[in-house]
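Novice: Let me give you the structure first, and then I'll get to my questions.
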Amino acid sequence: MKELPKIENAWLLVQDGKISDFGKMENLPTFEGVDEIDAAGRILLPGWIDSHTHLVYAGNREQEFVDRINGLTYEEIANKGGGILNSAKKLQETSEEELYLQSARRLEEVMQMGTTAIEIKSGYGLTTEAELKMLRVIRKLKENYPLPIKATFLGAHALPQEYKEDKRGYLNLLINEMMPKISKEGLADYVDIFCENGYFTVDDTHKILAAGKEHGLIPKIHVNQFNSIGGVQAAVEHEALSVDHLEVMDPEDIESLKGSQVMPVALPSCSFFLAIPYTPAREILAAGLPLALATDYNPGSTPSGNMNLVVSLACIKMKMNPEEAINAATVNAAYAMGLSETHGSITKGKAANFILTEEIPSYGFMPYSFGANHIHSVYINGNKI
Ligand code: NIG
Ligand code: FE
C-alpha cells in the first residue's frame with residue numbers, strides 16, 4: 001500500500017468514457033481530432049471511491065450534536081429514542097420525492113468533492129414500506145447520475161420501538177418479508193447489519209447474513225464500532241466483502257482477517273465527529289492486511305461526505321502515509337464495492353473517473369493541507385461534472 005505509481009509530466013487519453021492510454025510527455029503521440037485539456041501544474045488522481053455511506057436520509061440531527069457537546073454520549077442519546085430511531089421517524093414521515101431531492105443534493109455535493117463511485121445503505125426506514133422507499137430512492141439516483149452506485153439493505157440497523165420486546169419478530173420481518181421483496185425488485189446488492197451491544201448480536205448477524213445470501217445479497221457489515229463481540233469472525237465465515245468501522249480491534253479480530261478475502265474499512269471522520277478511537281491502521285497494515293477508507297456519511301455519527309477530509313484524517317490520526325491513504329480511498333475502496341475490474345486506478349481500460357487538482361506541489365500536499373479544497377475538476381466516464 002506504500003506504493004503509489006506516478007508519472008511526472010504526463011499525458012492521458014480518454015476514449016468512450018475509458019482511459020485508453022497514457023505516458024510521458026516526451027513520448028506524446030500525435031492525436032487527430034481530440035479535445036485537449038491543459039493540466040500543467042495539476043495532478044491527476046483516480047477519483048475517490050466511497051464504499052460506505054448512508055447518504056439517503058431525511059432531515060438532520062443537529063440537536064443531538066448539541067446534546068453531545070453538553071455531555072450526553074452517543075449511546076445515551078440512542079437509549080432515549082434519539083439516534084437511528086430519530087432518523088427513522090423523520091424518514092417515515094418524508095415522501096419519496098422529498099427524500100430523493102434531499103439525497104440528490106448530497107450526492108451532487110460529494111461528487112464535486114471528488115467522489116466518483118459510492119455505496120449507499122438503507123436502514124433509516126425500519127418498516128417494510130420505508131426501507132423499500134429508501135432503496136427506491138437509491139435506485140433512482142443510480143438511474144439519474146453517471147457514477148456507479150451500489151445499494152445495501154441495512155434493515156438490521158436498530159430495533160424499532162414496536163419490536164423492543166420482540167427482536168425475533170423483527171428479524172423475521174427482515175428475513176421473510178423485506179428480503180424477498182427487495183430481491184424480487186432487484187433493489188439491493190449487499191446486506192448489512194449493525195453488530196454491536198445494544199443493537200444486534202453475533203447470532204443475529206449469522207441469521208441475517210445467511211438469509212441475505214439466500215437472496216443474492218453479499219454481506220458488508222458494521223462491526224467493532226464500540227465493542228469487539230465476535231462480529232468480525234462471523235463476517236469472515238460468511239465471506240463478507242468488507243468489515244467496516246473497526247475502531248475497537250482485539251488481536252484475534254486482526255488474526256481472523258488474515259488469509260480472508262474480506263476488506264477492512266476504516267471511517268475516520270466518524271471517529272472524529274464522535275470523539276471515539278480511530279481504527280488501528282498501523283496494526284492492521286503491520287499484519288499484512290489491506291485497508292480501505294470511506295466516509296460513513298450519515299446524520300448521526302458522520303454528517304460529512306468529504307473524502308478529502310477522510311484521507312487527511314487517515315494520515316493525521318491513523319498515521320497512514322499519503323500513498324497508503326490514497327490507495328485506501330481508491331483502489332482498495334473499489335474492491336470494497338465490487339468495482340476492482342473497472343474503477344479505482346489509472347489503468348488502461350478502466351473508467352475515466354478522475355480528479356484534476358488545483359496547482360499543488362505534490363499529492364502529499366492534499367492530506368497535509370487539511371480542510372482546504374484542492375480539487376480543480378472531477379471527471380466521470382471522461383465527462384467533467
Ligand atoms: O455507521 N453505527 C451505525 N450506524 C451509523 C450511524 C447511525 C446514526 O447515528 O444515525 C454509523 O455510524
Ligand atoms: Fe455506517
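Ligands are numbered from 1 in the order shown, chains are lettered A, B, ... in the order of the C-alpha cells, and residues start at 1 in each chain.
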Within stretch 23-259 of chain A, find each residue whose DSSP state, derived from the backbone, is alpha helix (DSSP H), and express the selection as a ChimeraX atom specification.

Specialist: /A:62-69,74-79,84-92,96-112,128-144,167-172,179-185,202-214,231-237,251-257

Novice: Using only C-alpha atoms, I'd like a table of the residues in stretch 21-53 of chain A that come within 12 Å of stretch 202-223 of chain A; for each, show the closest atom pair and its distance in Å rounded to one decimal, ordered by chain and ascending number, as a tab-separated table.

Specialist:
```
residue	atom	partner	partner_atom	distance
A:Ser51	CA	A:Lys220	CA	9.9
A:His52	CA	A:Lys220	CA	9.2
A:Thr53	CA	A:His222	CA	11.3
```

Novice: Would you mind listing what lies within 9 Å of A:Gly41 as an NGL selection string, with only C-alpha atoms counted and same-chain residues fewer than 6 positions away left out?

Specialist: :A and (9 or 357-361)

Novice: Please dump the current selection as a PDB file, in the first residue's frame; keep N, CA and C atoms.

Specialist:
```pdb
ATOM      1  N   ASN A   9       4.948  14.767 -15.478  1.00  0.00           N
ATOM      2  CA  ASN A   9       4.867  15.374 -16.800  1.00  0.00           C
ATOM      3  C   ASN A   9       4.262  14.377 -17.804  1.00  0.00           C
ATOM      4  N   THR A 357      -6.387  18.187  -9.811  1.00  0.00           N
ATOM      5  CA  THR A 357      -6.226  19.083  -8.658  1.00  0.00           C
ATOM      6  C   THR A 357      -5.944  20.518  -9.116  1.00  0.00           C
ATOM      7  N   GLU A 358      -6.042  21.423  -8.165  1.00  0.00           N
ATOM      8  CA  GLU A 358      -5.511  22.770  -8.388  1.00  0.00           C
ATOM      9  C   GLU A 358      -3.994  22.634  -8.536  1.00  0.00           C
ATOM     10  N   GLU A 359      -3.310  23.728  -8.826  1.00  0.00           N
ATOM     11  CA  GLU A 359      -1.848  23.635  -8.921  1.00  0.00           C
ATOM     12  C   GLU A 359      -1.279  23.473  -7.515  1.00  0.00           C
ATOM     13  N   ILE A 360      -0.857  22.269  -7.197  1.00  0.00           N
ATOM     14  CA  ILE A 360      -0.293  21.991  -5.876  1.00  0.00           C
ATOM     15  C   ILE A 360       1.057  21.312  -6.068  1.00  0.00           C
ATOM     16  N   PRO A 361       1.948  21.428  -5.055  1.00  0.00           N
ATOM     17  CA  PRO A 361       3.309  20.933  -5.247  1.00  0.00           C
ATOM     18  C   PRO A 361       3.433  19.410  -5.325  1.00  0.00           C
TER      19      PRO A 361
END
```

Novice: Name all residues at most 9 Å from A:Ala104 (count only C-alpha atoms; drop same-chain ones fewer than 2 positions away) and give them as a ChimeraX atom specification.

Specialist: /A:55-56,99-102,106-109,141,145

Novice: Residues contacting ligand 2 - anything with an atom at most 10 Å away, using only C-alpha atoms and all ligand atoms - can you give me those as a list of chain:residue names?

Specialist: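 Written in the requested form, the residues are A:His52, A:Thr53, A:His54, A:Leu55, A:Ile120, A:Lys121, A:Gly123, A:Leu154, A:His157, A:Asp192, A:Ile193, A:Phe194, A:Ile221, A:His222, A:Val223, A:Gln225, A:Asp244, A:His245, A:Leu267, A:Cys270, A:Ala294, A:Thr295, A:Asp296, A:Tyr297, A:Asn298, A:Gly300, A:Ser301, A:Thr302.
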
Novice: Would you give me, as a PyMOL selection string, the residues in stretch 28-210 of chain A that DSSP reads as strand (DSSP E)?

Specialist: chain A and resi 44-46+48-50+115-121+149-156+190-195

Novice: Mind dumping the selected residues with N, CA, C and O atoms as a short mmCIF file (atom, residue, chain, number, x, y, z; two decimals), in the first residue's frame?

Specialist:
```cif
data_model
loop_
_atom_site.label_atom_id
_atom_site.label_comp_id
_atom_site.auth_asym_id
_atom_site.auth_seq_id
_atom_site.Cartn_x
_atom_site.Cartn_y
_atom_site.Cartn_z
N LEU A 44 -3.32 14.55 -11.66
CA LEU A 44 -4.49 13.74 -11.99
C LEU A 44 -4.44 12.49 -11.12
O LEU A 44 -3.46 11.75 -11.13
N LEU A 45 -5.51 12.31 -10.35
CA LEU A 45 -5.60 11.16 -9.43
C LEU A 45 -6.84 10.36 -9.77
O LEU A 45 -7.82 10.93 -10.24
N PRO A 46 -6.87 9.06 -9.45
CA PRO A 46 -8.14 8.34 -9.58
C PRO A 46 -9.18 9.02 -8.70
O PRO A 46 -8.85 9.51 -7.61
N TRP A 48 -12.08 9.56 -5.97
CA TRP A 48 -12.33 8.87 -4.69
C TRP A 48 -13.47 7.87 -4.87
O TRP A 48 -14.42 8.12 -5.64
N ILE A 49 -13.39 6.79 -4.11
CA ILE A 49 -14.47 5.80 -4.09
C ILE A 49 -14.93 5.67 -2.65
O ILE A 49 -14.13 5.36 -1.76
N ASP A 50 -16.20 5.94 -2.41
CA ASP A 50 -16.73 5.95 -1.05
C ASP A 50 -17.60 4.69 -0.88
O ASP A 50 -18.75 4.66 -1.30
N THR A 115 -15.84 12.43 -5.24
CA THR A 115 -16.35 11.05 -5.15
C THR A 115 -16.91 10.62 -6.50
O THR A 115 -17.81 11.27 -7.04
N THR A 116 -16.38 9.52 -7.03
CA THR A 116 -16.76 9.10 -8.39
C THR A 116 -17.39 7.70 -8.40
O THR A 116 -17.66 7.16 -9.48
N ALA A 117 -17.59 7.10 -7.23
CA ALA A 117 -18.36 5.86 -7.09
C ALA A 117 -18.77 5.82 -5.63
O ALA A 117 -18.02 6.27 -4.75
N ILE A 118 -19.98 5.29 -5.35
CA ILE A 118 -20.46 5.38 -3.98
C ILE A 118 -21.39 4.23 -3.63
O ILE A 118 -22.15 3.76 -4.48
N GLU A 119 -21.30 3.78 -2.40
CA GLU A 119 -22.24 2.79 -1.86
C GLU A 119 -23.19 3.55 -0.94
O GLU A 119 -22.76 4.47 -0.23
N ILE A 120 -24.48 3.16 -0.98
CA ILE A 120 -25.47 3.83 -0.13
C ILE A 120 -26.34 2.76 0.55
O ILE A 120 -26.80 1.83 -0.11
N LYS A 121 -26.57 2.94 1.86
CA LYS A 121 -27.32 1.95 2.62
C LYS A 121 -28.74 2.40 2.91
O LYS A 121 -29.00 3.59 3.05
N ILE A 149 -23.23 3.31 -8.41
CA ILE A 149 -23.83 3.36 -7.08
C ILE A 149 -24.22 1.94 -6.70
O ILE A 149 -24.84 1.24 -7.49
N LYS A 150 -23.81 1.50 -5.51
CA LYS A 150 -24.22 0.18 -5.01
C LYS A 150 -25.16 0.38 -3.84
O LYS A 150 -24.96 1.28 -3.02
N ALA A 151 -26.20 -0.46 -3.77
CA ALA A 151 -27.21 -0.33 -2.73
C ALA A 151 -27.08 -1.46 -1.71
O ALA A 151 -26.90 -2.62 -2.08
N THR A 152 -27.17 -1.09 -0.45
CA THR A 152 -27.05 -2.06 0.64
C THR A 152 -28.30 -2.05 1.51
O THR A 152 -28.74 -0.98 1.95
N PHE A 153 -28.84 -3.24 1.77
CA PHE A 153 -30.01 -3.36 2.65
C PHE A 153 -29.54 -3.49 4.09
O PHE A 153 -28.93 -4.48 4.48
N LEU A 154 -29.83 -2.45 4.88
CA LEU A 154 -29.43 -2.41 6.29
C LEU A 154 -30.67 -2.31 7.19
O LEU A 154 -30.76 -1.48 8.08
N GLY A 155 -31.64 -3.18 6.92
CA GLY A 155 -32.83 -3.20 7.79
C GLY A 155 -32.45 -3.46 9.24
O GLY A 155 -33.10 -2.97 10.16
N ALA A 156 -31.38 -4.24 9.45
CA ALA A 156 -30.93 -4.56 10.81
C ALA A 156 -29.97 -3.47 11.31
O ALA A 156 -28.82 -3.73 11.66
N TYR A 190 -26.06 -5.56 -1.61
CA TYR A 190 -25.42 -6.06 -0.39
C TYR A 190 -26.39 -6.10 0.78
O TYR A 190 -27.42 -5.43 0.77
N VAL A 191 -26.01 -6.88 1.81
CA VAL A 191 -26.78 -6.89 3.06
C VAL A 191 -25.83 -6.48 4.19
O VAL A 191 -24.66 -6.83 4.19
N ASP A 192 -26.36 -5.71 5.13
CA ASP A 192 -25.56 -5.16 6.22
C ASP A 192 -26.32 -5.35 7.53
O ASP A 192 -27.54 -5.53 7.53
N ILE A 193 -25.59 -5.33 8.64
CA ILE A 193 -26.20 -5.37 9.98
C ILE A 193 -25.28 -4.61 10.93
O ILE A 193 -24.06 -4.63 10.76
N PHE A 194 -25.88 -3.93 11.90
CA PHE A 194 -25.10 -3.23 12.92
C PHE A 194 -24.88 -4.21 14.06
O PHE A 194 -25.73 -4.37 14.93
N CYS A 195 -23.75 -4.91 14.04
CA CYS A 195 -23.43 -5.93 15.04
C CYS A 195 -22.73 -5.22 16.20
O CYS A 195 -21.55 -4.87 16.11
#
```

Novice: Which one is closest to ligand 1: A:Leu85, A:Leu289, A:Ala352, A:Ala334? Count only C-alpha atoms and all ligand atoms.

Specialist: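 The closest residue to ligand 1 is A:Leu85.
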
Novice: If we count only C-alpha atoms and set the cut-off at 8 Å, which residues sit around A:Met134, ignoring sequence neighbours fewer than 4 positions away in its own chain? Please answer as a list in words.

Specialist: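 Result of the neighbour search: Val56, Glu96, Leu99, Ser122, Tyr124, Gly125, Ala130 and Ile138 of chain A.
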
Novice: Taking only C-alpha atoms and all ligand atoms into account, which of A:Arg61, A:Arg105, A:Arg42, A:Lys319 comes nearest ligand 1?

Specialist: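 The shortest atom-to-atom distance to ligand 1 comes from A:Arg61.
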